[in-house]
Amino acid sequence: MLRRGFRSSLTTYFGVVFDPTDDAAVNYICAPRPVSGIFNWSDEALERLGKINFSGDGSLRAKQLHATGYLFELFYDLLIASADNISRSPGFETCLGIFGNTE
């Protein structure tokens with residue numbers, strides 16, 4: 001009598017945000033090893049990241065923020081049911097060195 005629907009009719013929303021101008025937040029994301037933040041940036045990962053050419057700020061810190069954003073984008077992509085996914089692009093082609101149509 002009190003039911004207003006079923007769980008399957010609910011829509012789940014999930015979001016992640018960080019302010020790139022907030023030094024404390026950015027330092028927490030880009031903290032060097034040993035880990036004092038939420039990610040463990042290995043020397044190899046930082047070296048590879050340093051070789052990627054993103055548009056805009058080319059500093060390692062900016063590249064770490066780009067990579068973090070792409071990681072969250074991948075998480076979002078994994079949450080989308082394959083029947084509802086209308087994009088064939090993962091969105092982080094720059095990191096992979098893939099540009100344009102790969103077919």
# chains A, B, ... in the order shown; residues from 1 in each chain; ligands from 1
>>> residues_around(residues="Phe14 of chain A", least_positions_apart="6", cutoff="12 Å", atoms="only C-alpha atoms", output="list in words")
Phe72, Glu73, Phe75, Tyr76, Asp77, Leu79 and Ile80 of chain A
>>> residues_around(residues="Ile38 of chain A", least_positions_apart="4", cutoff="12 Å", atoms="only C-alpha atoms", output="compact mmCIF listing (two decimals) with N, CA and C atoms, in the first residue's frame")
# COMPACT_ATOMS: atom_id res chain seq x y z
N ALA A 25 43.36 19.97 -2.47
CA ALA A 25 42.74 18.83 -3.17
C ALA A 25 43.66 18.27 -4.23
N VAL A 26 44.29 19.15 -5.00
CA VAL A 26 45.19 18.71 -6.06
C VAL A 26 46.40 17.99 -5.47
N ASN A 27 46.94 18.50 -4.39
CA ASN A 27 48.07 17.84 -3.74
C ASN A 27 47.69 16.46 -3.24
N TYR A 28 46.45 16.30 -2.83
CA TYR A 28 45.97 15.00 -2.37
C TYR A 28 45.88 14.02 -3.53
N ILE A 29 45.52 14.50 -4.71
CA ILE A 29 45.42 13.65 -5.91
C ILE A 29 46.81 13.37 -6.50
N CYS A 30 47.67 14.36 -6.53
CA CYS A 30 48.96 14.27 -7.21
C CYS A 30 50.12 14.01 -6.25
N ALA A 31 49.84 13.55 -5.06
CA ALA A 31 50.90 13.36 -4.06
C ALA A 31 51.96 12.38 -4.58
N PRO A 32 53.23 12.70 -4.34
CA PRO A 32 54.29 11.79 -4.78
C PRO A 32 54.38 10.56 -3.89
N ARG A 33 55.15 9.61 -4.33
CA ARG A 33 55.39 8.42 -3.52
C ARG A 33 56.33 8.76 -2.38
N PRO A 34 56.31 8.15 -1.22
CA PRO A 34 55.30 7.19 -0.81
C PRO A 34 53.93 7.84 -0.67
N THR A 68 43.65 11.48 -14.03
CA THR A 68 42.65 11.20 -13.00
C THR A 68 41.24 11.38 -13.56
>>> closest_residue(among="A:Leu10, A:Leu78, A:Val16, A:Leu46", to="Arg61 of chain A", atoms="only C-alpha atoms")
A:Leu46
>>> atom_distance(atom1="atom CA of Ser59 of chain A", atom2="atom CA of Gly15 of chain A")
26.1 Å
>>> atom_distance(atom1="atom CA of Leu49 of chain A", atom2="atom CA of Gln64 of chain A")
7.4 Å
>>> atom_distance(atom1="atom CA of Thr11 of chain A", atom2="atom CA of Leu71 of chain A")
22.8 Å
>>> select_by_dssp(residues="segment 10-80 of chain A", states="helix (DSSP H, G or I)", output="PyMOL selection string")
chain A and resi 23-29+43-50+60-79
>>> write_last_selection(atoms="N, CA and C atoms", output="CSV table (one decimal), in the first residue's frame")
chain,number,residue,atom,x,y,z
A,23,ASP,N,44.6,23.9,-4.2
A,23,ASP,CA,45.9,23.3,-4.0
A,23,ASP,C,45.8,22.1,-3.1
A,24,ALA,N,45.1,22.1,-2.0
A,24,ALA,CA,45.0,21.0,-1.0
A,24,ALA,C,44.4,19.8,-1.7
A,25,ALA,N,43.4,20.0,-2.5
A,25,ALA,CA,42.7,18.8,-3.2
A,25,ALA,C,43.7,18.3,-4.2
A,26,VAL,N,44.3,19.1,-5.0
A,26,VAL,CA,45.2,18.7,-6.1
A,26,VAL,C,46.4,18.0,-5.5
A,27,ASN,N,46.9,18.5,-4.4
A,27,ASN,CA,48.1,17.8,-3.7
A,27,ASN,C,47.7,16.5,-3.2
A,28,TYR,N,46.5,16.3,-2.8
A,28,TYR,CA,46.0,15.0,-2.4
A,28,TYR,C,45.9,14.0,-3.5
A,29,ILE,N,45.5,14.5,-4.7
A,29,ILE,CA,45.4,13.7,-5.9
A,29,ILE,C,46.8,13.4,-6.5
A,43,ASP,N,56.9,5.6,-10.3
A,43,ASP,CA,57.9,6.3,-11.1
A,43,ASP,C,57.7,6.0,-12.6
A,44,GLU,N,57.3,4.7,-13.0
A,44,GLU,CA,57.1,4.4,-14.3
A,44,GLU,C,55.8,5.1,-14.9
A,45,ALA,N,54.8,5.1,-14.1
A,45,ALA,CA,53.5,5.8,-14.5
A,45,ALA,C,53.8,7.3,-14.7
A,46,LEU,N,54.6,7.9,-13.8
A,46,LEU,CA,54.9,9.4,-14.0
A,46,LEU,C,55.8,9.6,-15.2
A,47,GLU,N,56.7,8.7,-15.5
A,47,GLU,CA,57.5,8.8,-16.7
A,47,GLU,C,56.7,8.7,-18.0
A,48,ARG,N,55.8,7.7,-18.0
A,48,ARG,CA,54.9,7.6,-19.2
A,48,ARG,C,54.0,8.8,-19.3
A,49,LEU,N,53.5,9.2,-18.2
A,49,LEU,CA,52.6,10.3,-18.3
A,49,LEU,C,53.3,11.6,-18.8
A,50,GLY,N,54.6,11.7,-18.4
A,50,GLY,CA,55.3,12.9,-18.9
A,50,GLY,C,55.5,12.9,-20.4
A,60,LEU,N,53.6,18.2,-15.2
A,60,LEU,CA,53.3,16.9,-14.8
A,60,LEU,C,52.0,16.9,-13.9
A,61,ARG,N,51.9,17.9,-13.1
A,61,ARG,CA,50.7,18.0,-12.2
A,61,ARG,C,49.4,18.1,-13.0
A,62,ALA,N,49.4,18.9,-14.1
A,62,ALA,CA,48.3,19.0,-15.0
A,62,ALA,C,48.0,17.7,-15.7
A,63,LYS,N,49.0,17.0,-16.1
A,63,LYS,CA,48.9,15.7,-16.7
A,63,LYS,C,48.3,14.6,-15.7
A,64,GLN,N,48.7,14.7,-14.5
A,64,GLN,CA,48.1,13.8,-13.5
A,64,GLN,C,46.6,14.1,-13.3
A,65,LEU,N,46.2,15.4,-13.3
A,65,LEU,CA,44.8,15.7,-13.2
A,65,LEU,C,44.0,15.2,-14.4
A,66,HIS,N,44.6,15.3,-15.6
A,66,HIS,CA,44.0,14.8,-16.8
A,66,HIS,C,43.8,13.3,-16.7
A,67,ALA,N,44.8,12.6,-16.3
A,67,ALA,CA,44.8,11.1,-16.2
A,67,ALA,C,43.7,10.7,-15.1
A,68,THR,N,43.7,11.5,-14.0
A,68,THR,CA,42.6,11.2,-13.0
A,68,THR,C,41.2,11.4,-13.6
A,69,GLY,N,41.0,12.4,-14.3
A,69,GLY,CA,39.7,12.7,-15.0
A,69,GLY,C,39.4,11.5,-15.9
A,70,TYR,N,40.4,11.0,-16.7
A,70,TYR,CA,40.1,9.9,-17.6
A,70,TYR,C,39.8,8.6,-16.8
A,71,LEU,N,40.5,8.4,-15.7
A,71,LEU,CA,40.2,7.3,-14.9
A,71,LEU,C,38.7,7.3,-14.4
A,72,PHE,N,38.2,8.4,-13.9
A,72,PHE,CA,36.8,8.5,-13.5
A,72,PHE,C,35.9,8.4,-14.7
A,73,GLU,N,36.3,8.8,-15.9
A,73,GLU,CA,35.5,8.6,-17.1
A,73,GLU,C,35.4,7.1,-17.4
A,74,LEU,N,36.5,6.4,-17.2
A,74,LEU,CA,36.4,5.0,-17.4
A,74,LEU,C,35.5,4.3,-16.4
A,75,PHE,N,35.5,4.8,-15.2
A,75,PHE,CA,34.6,4.2,-14.2
A,75,PHE,C,33.1,4.5,-14.6
A,76,TYR,N,32.8,5.7,-15.1
A,76,TYR,CA,31.5,6.0,-15.6
A,76,TYR,C,31.1,5.1,-16.7
A,77,ASP,N,32.0,4.8,-17.7
A,77,ASP,CA,31.7,4.0,-18.8
A,77,ASP,C,31.4,2.5,-18.3
A,78,LEU,N,32.1,2.1,-17.3
A,78,LEU,CA,31.8,0.7,-16.8
A,78,LEU,C,30.4,0.6,-16.1
A,79,LEU,N,29.9,1.8,-15.7
A,79,LEU,CA,28.6,1.8,-15.1
A,79,LEU,C,27.4,1.7,-16.1
>>> decode(residues="segment 3-97 of chain A", atoms="C-alpha atoms", output="CSV table (one decimal), in the first residue's frame")
chain,number,residue,atom,x,y,z
A,3,ARG,CA,5.0,1.3,-2.3
A,4,ARG,CA,5.6,3.9,-4.9
A,5,GLY,CA,7.4,1.7,-7.4
A,6,PHE,CA,10.1,-0.8,-7.7
A,7,ARG,CA,13.9,-0.5,-7.4
A,8,SER,CA,14.3,-1.3,-11.1
A,9,SER,CA,12.4,1.9,-11.9
A,10,LEU,CA,14.9,4.2,-10.0
A,11,THR,CA,17.6,6.1,-11.7
A,12,THR,CA,21.0,6.1,-10.0
A,13,TYR,CA,23.2,9.2,-10.3
A,14,PHE,CA,26.9,9.2,-9.4
A,15,GLY,CA,29.3,12.0,-9.7
A,16,VAL,CA,32.9,12.9,-8.9
A,17,VAL,CA,34.4,16.4,-8.9
A,18,PHE,CA,37.6,18.1,-7.9
A,19,ASP,CA,38.6,21.7,-8.1
A,20,PRO,CA,41.9,22.0,-10.0
A,21,THR,CA,42.4,25.4,-8.4
A,22,ASP,CA,42.2,24.0,-4.8
A,23,ASP,CA,45.9,23.3,-4.0
A,24,ALA,CA,45.0,21.0,-1.0
A,25,ALA,CA,42.7,18.8,-3.2
A,26,VAL,CA,45.2,18.7,-6.1
A,27,ASN,CA,48.1,17.8,-3.7
A,28,TYR,CA,46.0,15.0,-2.4
A,29,ILE,CA,45.4,13.7,-5.9
A,30,CYS,CA,49.0,14.3,-7.2
A,31,ALA,CA,50.9,13.4,-4.1
A,32,PRO,CA,54.3,11.8,-4.8
A,33,ARG,CA,55.4,8.4,-3.5
A,34,PRO,CA,55.3,7.2,-0.8
A,35,VAL,CA,51.6,7.5,-0.8
A,36,SER,CA,50.2,10.4,1.1
A,37,GLY,CA,47.2,10.9,-1.2
A,38,ILE,CA,44.5,8.8,-2.8
A,39,PHE,CA,46.7,7.5,-5.7
A,40,ASN,CA,50.0,5.8,-5.8
A,41,TRP,CA,51.9,7.3,-8.8
A,42,SER,CA,54.7,5.0,-9.6
A,43,ASP,CA,57.9,6.3,-11.1
A,44,GLU,CA,57.1,4.4,-14.3
A,45,ALA,CA,53.5,5.8,-14.5
A,46,LEU,CA,54.9,9.4,-14.0
A,47,GLU,CA,57.5,8.8,-16.7
A,48,ARG,CA,54.9,7.6,-19.2
A,49,LEU,CA,52.6,10.3,-18.3
A,50,GLY,CA,55.3,12.9,-18.9
A,51,LYS,CA,55.6,11.7,-22.5
A,52,ILE,CA,51.9,12.3,-23.3
A,53,ASN,CA,51.0,15.6,-25.0
A,54,PHE,CA,47.8,17.1,-23.7
A,55,SER,CA,46.6,20.5,-24.9
A,56,GLY,CA,47.0,23.3,-22.5
A,57,ASP,CA,49.2,23.2,-19.4
A,58,GLY,CA,52.0,20.6,-20.0
A,59,SER,CA,53.2,20.3,-16.4
A,60,LEU,CA,53.3,16.9,-14.8
A,61,ARG,CA,50.7,18.0,-12.2
A,62,ALA,CA,48.3,19.0,-15.0
A,63,LYS,CA,48.9,15.7,-16.7
A,64,GLN,CA,48.1,13.8,-13.5
A,65,LEU,CA,44.8,15.7,-13.2
A,66,HIS,CA,44.0,14.8,-16.8
A,67,ALA,CA,44.8,11.1,-16.2
A,68,THR,CA,42.6,11.2,-13.0
A,69,GLY,CA,39.7,12.7,-15.0
A,70,TYR,CA,40.1,9.9,-17.6
A,71,LEU,CA,40.2,7.3,-14.9
A,72,PHE,CA,36.8,8.5,-13.5
A,73,GLU,CA,35.5,8.6,-17.1
A,74,LEU,CA,36.4,5.0,-17.4
A,75,PHE,CA,34.6,4.2,-14.2
A,76,TYR,CA,31.5,6.0,-15.6
A,77,ASP,CA,31.7,4.0,-18.8
A,78,LEU,CA,31.8,0.7,-16.8
A,79,LEU,CA,28.6,1.8,-15.1
A,80,ILE,CA,26.7,2.1,-18.4
A,81,ALA,CA,24.9,-1.0,-19.6
A,82,SER,CA,26.2,-2.1,-22.9
A,83,ALA,CA,22.7,-1.7,-24.4
A,84,ASP,CA,22.6,1.9,-23.4
A,85,ASN,CA,26.2,2.9,-24.4
A,86,ILE,CA,25.9,5.0,-27.6
A,87,SER,CA,29.6,5.8,-27.9
A,88,ARG,CA,32.3,3.5,-29.3
A,89,SER,CA,35.0,5.9,-28.0
A,90,PRO,CA,36.5,5.4,-24.6
A,91,GLY,CA,37.2,9.2,-24.4
A,92,PHE,CA,40.9,8.9,-23.4
A,93,GLU,CA,42.4,8.4,-26.8
A,94,THR,CA,45.1,10.9,-26.1
A,95,CYS,CA,46.5,8.7,-23.3
A,96,LEU,CA,46.5,5.7,-25.6
A,97,GLY,CA,47.9,7.5,-28.6
